[in-house]
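Written below as structure tokens is the structure these notes are about.
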Amino acid sequence: MDLLSISTTVDNFFWGRIMVYLCLSAGIYFSILMRFPQLRLIKDMVGQLFRGKSSEKGVSSFQGFAMALGGRVGTGNITGVASAIFFGGPGAVFWMWAIAFLGAGSAYIEAALAQVWKEEIHGEYRGGPAYYMERGLGRKWLGSAFAVLTLLSCGVLLPGIQSNSFAVAAKGSFGVPPIYMGILYAGLIGFIIFGGGRRIAKAAEMIVPFMAIGYILLALVILFINADRIPRVFGLIFGCAFNMNAVYGAVFGMAVSWGVKRGIFSNEAGQGTGAQAAGAAEVSHPAKQGLVQAFSVYVDTLFVCTATAIMILATDAFNTVDPAGGFIVENLPGMASGNFTQAAVNSIIPGFGGGFVAIALFFFTLTTVLAYAFYTDSNVGYLFRNNSGGRGYRASLAASRIVIVIMVFISTVMSADVVWNFGSAGVGAMAWFNVIVILLLTKPGIATLRDYEAQKRMGLLVVGEISLEPVGAAVPLE
């Protein structure tokens, strides 16, 4: 069995139907229990973005948002959306929306829990699944296992997806050999991540708003130019999502599967990564960062992924495969899904598509790798928190950063399919762990929102300590 076959088998194992239904069910469960805060508290989500300042120990609320959003907005927002349409048809876009809307509930819970059990390690706040697995469930071995899994996924497997996508786009658009792009990209990543968490947070704060707004604006321009096709685009999405379009009937099941799979890969709700950015934030109540992270899921999928989908569908720049063989729709003969966005932009601005996609991928993938580096630091901190400031901690931190730089470089010259499969499997493995754990920690997670809303009603702006009882022990919320 070759490496591609192995990677495909591993990816399929972690992304079977059980995983898809588990993520959907968790999102529904949390949303109902919290009375859909993703609708009720949208004003609070936006309002909390700019409250709270950074300190010597923690990042600001907006920096936590920017780092998590930088991690969420990556190649999945361009090539991931295109592959969902390629395999699942236009209906897959609706299921990406659905998992984002429901996943916002899961994102709230994991981010709030990260704040509840964050720790100060080597002078900086750290938090995330490993921390609440140990302190919330009282299972240190589970926290250690997740920390190791995160080091493998975020430190080894996932960075390669990002650098590979950018290198392929740069070669196709500018003719630059991947090895040169790999050297440049790895060097820039190394410069930033060896500056530590604060430099990563600062870079994310500067880059993320610029890249997201610019990308969405271009999509709106394309939609405006194709305004007469708006009813058709949304008719395709909703019709295919509910099997009301006979042409795409053969891929109805694939629409759900690929929409949820690519949606989770893109917005990372429930995966546990965004929770690690949340745990580093300096906020007065856990719910504040929970609401901010829920909003970051919206921005990722409802705004950025939708921008890609609109560009592709409004210009008919897509193909959809037939599971039985051949194509259901083949608007671009012989073109793979990775080039759909480029073709869409070229149809409006000839010759600009390739360069635009390459530049967009540069910023999208750069901020994602920086987020992965921050998550890796958090889990090194967890494993070596009793050695904070010691040689073991510093050496492990340096080693993990070196590995990220090496993997970023190596992956630029590897097979895209192999890189994607192993990275996707890493996301799936983390999601398996984390979704089950946050379900077990439902009580303390929801209690944070109830306390936040109670204190809002009382007009309290400064939050003191409150008590929860997750597993028989009162826990102060900072």
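Letters A, B, ... go to the chains of the structure tokens in the order shown; residues in each chain start at 1; ligands are counted from 1 in the same order.
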
Exercise for the section: Based on DSSP run over this structure's backbone, return all residues of stretch 126-283 of chain A in alpha helix (DSSP H), as number ranges by chain. Expected result: A: 129-137, 140-152, 158-174, 178-193, 197-225, 230-241, 252-267, 273-278

Next, write the just-selected residues to a file, as an mmCIF file, in the first residue's frame, keeping C-alpha atoms as the atom set.
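Output contents, as saved in part.cif:
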data_model
loop_
_atom_site.group_PDB
_atom_site.id
_atom_site.type_symbol
_atom_site.label_atom_id
_atom_site.label_comp_id
_atom_site.auth_asym_id
_atom_site.auth_seq_id
_atom_site.Cartn_x
_atom_site.Cartn_y
_atom_site.Cartn_z
ATOM 1 C CA PRO A 129 -8.796 21.238 25.703
ATOM 2 C CA ALA A 130 -5.803 19.651 27.436
ATOM 3 C CA TYR A 131 -6.295 21.985 30.389
ATOM 4 C CA TYR A 132 -10.031 21.460 30.802
ATOM 5 C CA MET A 133 -9.722 17.730 30.206
ATOM 6 C CA GLU A 134 -7.424 17.478 33.210
ATOM 7 C CA ARG A 135 -9.037 19.991 35.539
ATOM 8 C CA GLY A 136 -12.651 19.726 34.403
ATOM 9 C CA LEU A 137 -12.844 15.949 34.091
ATOM 10 C CA LYS A 140 -4.677 14.083 33.506
ATOM 11 C CA TRP A 141 -3.862 11.238 31.116
ATOM 12 C CA LEU A 142 -6.588 12.475 28.753
ATOM 13 C CA GLY A 143 -5.188 16.007 28.790
ATOM 14 C CA SER A 144 -1.703 14.679 28.078
ATOM 15 C CA ALA A 145 -3.009 12.519 25.218
ATOM 16 C CA PHE A 146 -4.782 15.472 23.614
ATOM 17 C CA ALA A 147 -1.711 17.676 24.035
ATOM 18 C CA VAL A 148 0.422 15.106 22.210
ATOM 19 C CA LEU A 149 -2.226 14.752 19.496
ATOM 20 C CA THR A 150 -2.289 18.552 19.071
ATOM 21 C CA LEU A 151 1.488 18.659 18.766
ATOM 22 C CA LEU A 152 1.271 16.013 16.038
ATOM 23 C CA LEU A 158 -1.639 20.708 9.423
ATOM 24 C CA PRO A 159 0.995 23.353 8.552
ATOM 25 C CA GLY A 160 1.828 21.395 5.406
ATOM 26 C CA ILE A 161 -1.688 21.744 3.989
ATOM 27 C CA GLN A 162 -1.339 25.498 4.109
ATOM 28 C CA SER A 163 2.150 25.847 2.636
ATOM 29 C CA ASN A 164 1.447 23.237 -0.047
ATOM 30 C CA SER A 165 -1.667 25.079 -1.238
ATOM 31 C CA PHE A 166 0.197 28.370 -1.464
ATOM 32 C CA ALA A 167 3.214 26.828 -3.253
ATOM 33 C CA VAL A 168 0.984 25.145 -5.857
ATOM 34 C CA ALA A 169 -0.907 28.395 -6.481
ATOM 35 C CA ALA A 170 2.311 30.434 -6.702
ATOM 36 C CA LYS A 171 3.805 28.015 -9.209
ATOM 37 C CA GLY A 172 0.689 28.042 -11.362
ATOM 38 C CA SER A 173 0.303 31.819 -11.270
ATOM 39 C CA PHE A 174 3.849 33.163 -11.217
ATOM 40 C CA PRO A 178 7.864 25.377 -5.003
ATOM 41 C CA ILE A 179 11.295 25.005 -3.427
ATOM 42 C CA TYR A 180 11.902 28.772 -3.620
ATOM 43 C CA MET A 181 8.449 29.524 -2.232
ATOM 44 C CA GLY A 182 9.167 27.005 0.513
ATOM 45 C CA ILE A 183 12.368 28.789 1.540
ATOM 46 C CA LEU A 184 10.674 32.216 1.589
ATOM 47 C CA TYR A 185 7.556 30.985 3.368
ATOM 48 C CA ALA A 186 9.421 28.949 5.986
ATOM 49 C CA GLY A 187 11.775 31.847 6.677
ATOM 50 C CA LEU A 188 8.912 34.264 7.307
ATOM 51 C CA ILE A 189 7.096 31.752 9.530
ATOM 52 C CA GLY A 190 10.282 31.150 11.509
ATOM 53 C CA PHE A 191 10.882 34.872 12.028
ATOM 54 C CA ILE A 192 7.415 35.379 13.498
ATOM 55 C CA ILE A 193 6.960 32.255 15.616
ATOM 56 C CA GLY A 197 3.069 34.309 21.381
ATOM 57 C CA ARG A 198 2.932 38.101 21.542
ATOM 58 C CA ARG A 199 4.547 38.494 18.113
ATOM 59 C CA ILE A 200 2.133 35.905 16.681
ATOM 60 C CA ALA A 201 -0.837 37.758 18.220
ATOM 61 C CA LYS A 202 0.387 41.096 16.874
ATOM 62 C CA ALA A 203 0.888 39.712 13.368
ATOM 63 C CA ALA A 204 -2.594 38.185 13.390
ATOM 64 C CA GLU A 205 -4.115 41.435 14.644
ATOM 65 C CA MET A 206 -2.615 43.330 11.700
ATOM 66 C CA ILE A 207 -3.116 40.796 8.882
ATOM 67 C CA VAL A 208 -6.448 39.055 9.558
ATOM 68 C CA PRO A 209 -8.878 42.016 9.238
ATOM 69 C CA PHE A 210 -7.146 43.258 6.081
ATOM 70 C CA MET A 211 -7.197 39.876 4.316
ATOM 71 C CA ALA A 212 -10.775 38.939 5.250
ATOM 72 C CA ILE A 213 -12.303 42.289 4.297
ATOM 73 C CA GLY A 214 -10.388 42.449 0.992
ATOM 74 C CA TYR A 215 -11.474 38.963 -0.019
ATOM 75 C CA ILE A 216 -15.140 39.551 0.855
ATOM 76 C CA LEU A 217 -15.167 42.855 -1.048
ATOM 77 C CA LEU A 218 -13.992 41.149 -4.255
ATOM 78 C CA ALA A 219 -16.733 38.533 -3.872
ATOM 79 C CA LEU A 220 -19.308 41.320 -3.507
ATOM 80 C CA VAL A 221 -17.998 42.961 -6.684
ATOM 81 C CA ILE A 222 -18.397 39.669 -8.573
ATOM 82 C CA LEU A 223 -21.889 39.224 -7.132
ATOM 83 C CA PHE A 224 -22.816 42.777 -8.160
ATOM 84 C CA ILE A 225 -21.601 42.199 -11.724
ATOM 85 C CA ILE A 230 -28.399 35.872 -7.497
ATOM 86 C CA PRO A 231 -31.765 34.026 -7.467
ATOM 87 C CA ARG A 232 -30.231 31.171 -9.469
ATOM 88 C CA VAL A 233 -27.197 30.864 -7.169
ATOM 89 C CA PHE A 234 -29.232 30.638 -3.976
ATOM 90 C CA GLY A 235 -31.817 28.464 -5.709
ATOM 91 C CA LEU A 236 -29.041 26.012 -6.581
ATOM 92 C CA ILE A 237 -27.677 25.989 -3.027
ATOM 93 C CA PHE A 238 -31.012 25.414 -1.290
ATOM 94 C CA GLY A 239 -32.475 23.151 -3.966
ATOM 95 C CA CYS A 240 -29.477 20.818 -3.962
ATOM 96 C CA ALA A 241 -29.186 20.881 -0.157
ATOM 97 C CA PHE A 252 -27.426 14.575 -2.156
ATOM 98 C CA GLY A 253 -25.751 12.409 0.496
ATOM 99 C CA MET A 254 -22.347 13.685 -0.557
ATOM 100 C CA ALA A 255 -23.573 17.280 -0.175
ATOM 101 C CA VAL A 256 -24.267 16.725 3.515
ATOM 102 C CA SER A 257 -21.056 14.778 4.122
ATOM 103 C CA TRP A 258 -18.705 17.107 2.238
ATOM 104 C CA GLY A 259 -20.439 20.252 3.465
ATOM 105 C CA VAL A 260 -20.103 19.253 7.116
ATOM 106 C CA LYS A 261 -16.597 17.858 6.672
ATOM 107 C CA ARG A 262 -15.209 20.873 4.861
ATOM 108 C CA GLY A 263 -17.194 23.219 7.112
ATOM 109 C CA ILE A 264 -15.630 21.768 10.254
ATOM 110 C CA PHE A 265 -12.195 21.752 8.630
ATOM 111 C CA SER A 266 -12.592 25.422 7.781
ATOM 112 C CA ASN A 267 -14.291 26.867 10.877
ATOM 113 C CA THR A 273 -8.027 24.768 18.283
ATOM 114 C CA GLY A 274 -9.890 28.054 18.700
ATOM 115 C CA ALA A 275 -10.243 27.283 22.400
ATOM 116 C CA GLN A 276 -6.468 27.539 22.739
ATOM 117 C CA ALA A 277 -6.486 31.105 21.424
ATOM 118 C CA ALA A 278 -9.410 31.854 23.737
#

When you look at A:Leu332 with a cut-off of 9 Å (counting only C-alpha atoms), what residues show up, excluding the ones that are within fewer than 5 positions of it in the same chain? I need them as a PDB file with N, CA and C atoms, in the first residue's frame.
ATOM      1  N   ASP A 316     -20.447  30.179 -12.753  1.00  0.00           N
ATOM      2  CA  ASP A 316     -20.489  28.789 -13.262  1.00  0.00           C
ATOM      3  C   ASP A 316     -19.092  28.195 -13.415  1.00  0.00           C
ATOM      4  N   ALA A 317     -18.190  28.602 -12.546  1.00  0.00           N
ATOM      5  CA  ALA A 317     -16.807  28.118 -12.624  1.00  0.00           C
ATOM      6  C   ALA A 317     -16.623  26.875 -11.752  1.00  0.00           C
ATOM      7  N   PHE A 318     -17.354  25.799 -12.077  1.00  0.00           N
ATOM      8  CA  PHE A 318     -17.237  24.589 -11.263  1.00  0.00           C
ATOM      9  C   PHE A 318     -17.658  23.355 -12.058  1.00  0.00           C
ATOM     10  N   ASN A 319     -17.186  22.225 -11.583  1.00  0.00           N
ATOM     11  CA  ASN A 319     -17.624  20.909 -12.037  1.00  0.00           C
ATOM     12  C   ASN A 319     -18.113  20.138 -10.821  1.00  0.00           C
ATOM     13  N   PHE A 340     -11.017  26.368  -9.354  1.00  0.00           N
ATOM     14  CA  PHE A 340     -12.339  26.963  -9.567  1.00  0.00           C
ATOM     15  C   PHE A 340     -12.360  28.459  -9.249  1.00  0.00           C
ATOM     16  N   ALA A 343     -10.587  30.467 -11.853  1.00  0.00           N
ATOM     17  CA  ALA A 343     -11.381  30.579 -13.078  1.00  0.00           C
ATOM     18  C   ALA A 343     -12.518  31.580 -12.892  1.00  0.00           C
TER      19      ALA A 343
END

Practice task
Go through A:Ile312, A:Leu24, A:Val380, A:Ala269 one by one, measure the shortest atom-to-atom distance of each to A:Ala395 using only C-alpha atoms, and give the residue with the smallest value.
Solution key: A:Val380

Exercise for the section: Might you pull out every residue within 7 Å of A:Gly89, with only C-alpha atoms counted and same-chain residues fewer than 5 positions away left off, and present them as a VMD selection string? Expected result: chain A and resid 84 248 251 255 320

Exercise for the section: Between atom CA of A:Ala287 and atom CA of A:Tyr108, measure the distance and give it in Å to one decimal. Expected result: 7.7 Å

Handout entry: All strand (DSSP E or B) positions in stretch 75-176 of chain A, as a ChimeraX atom specification
Key = /A:119-121,124-126
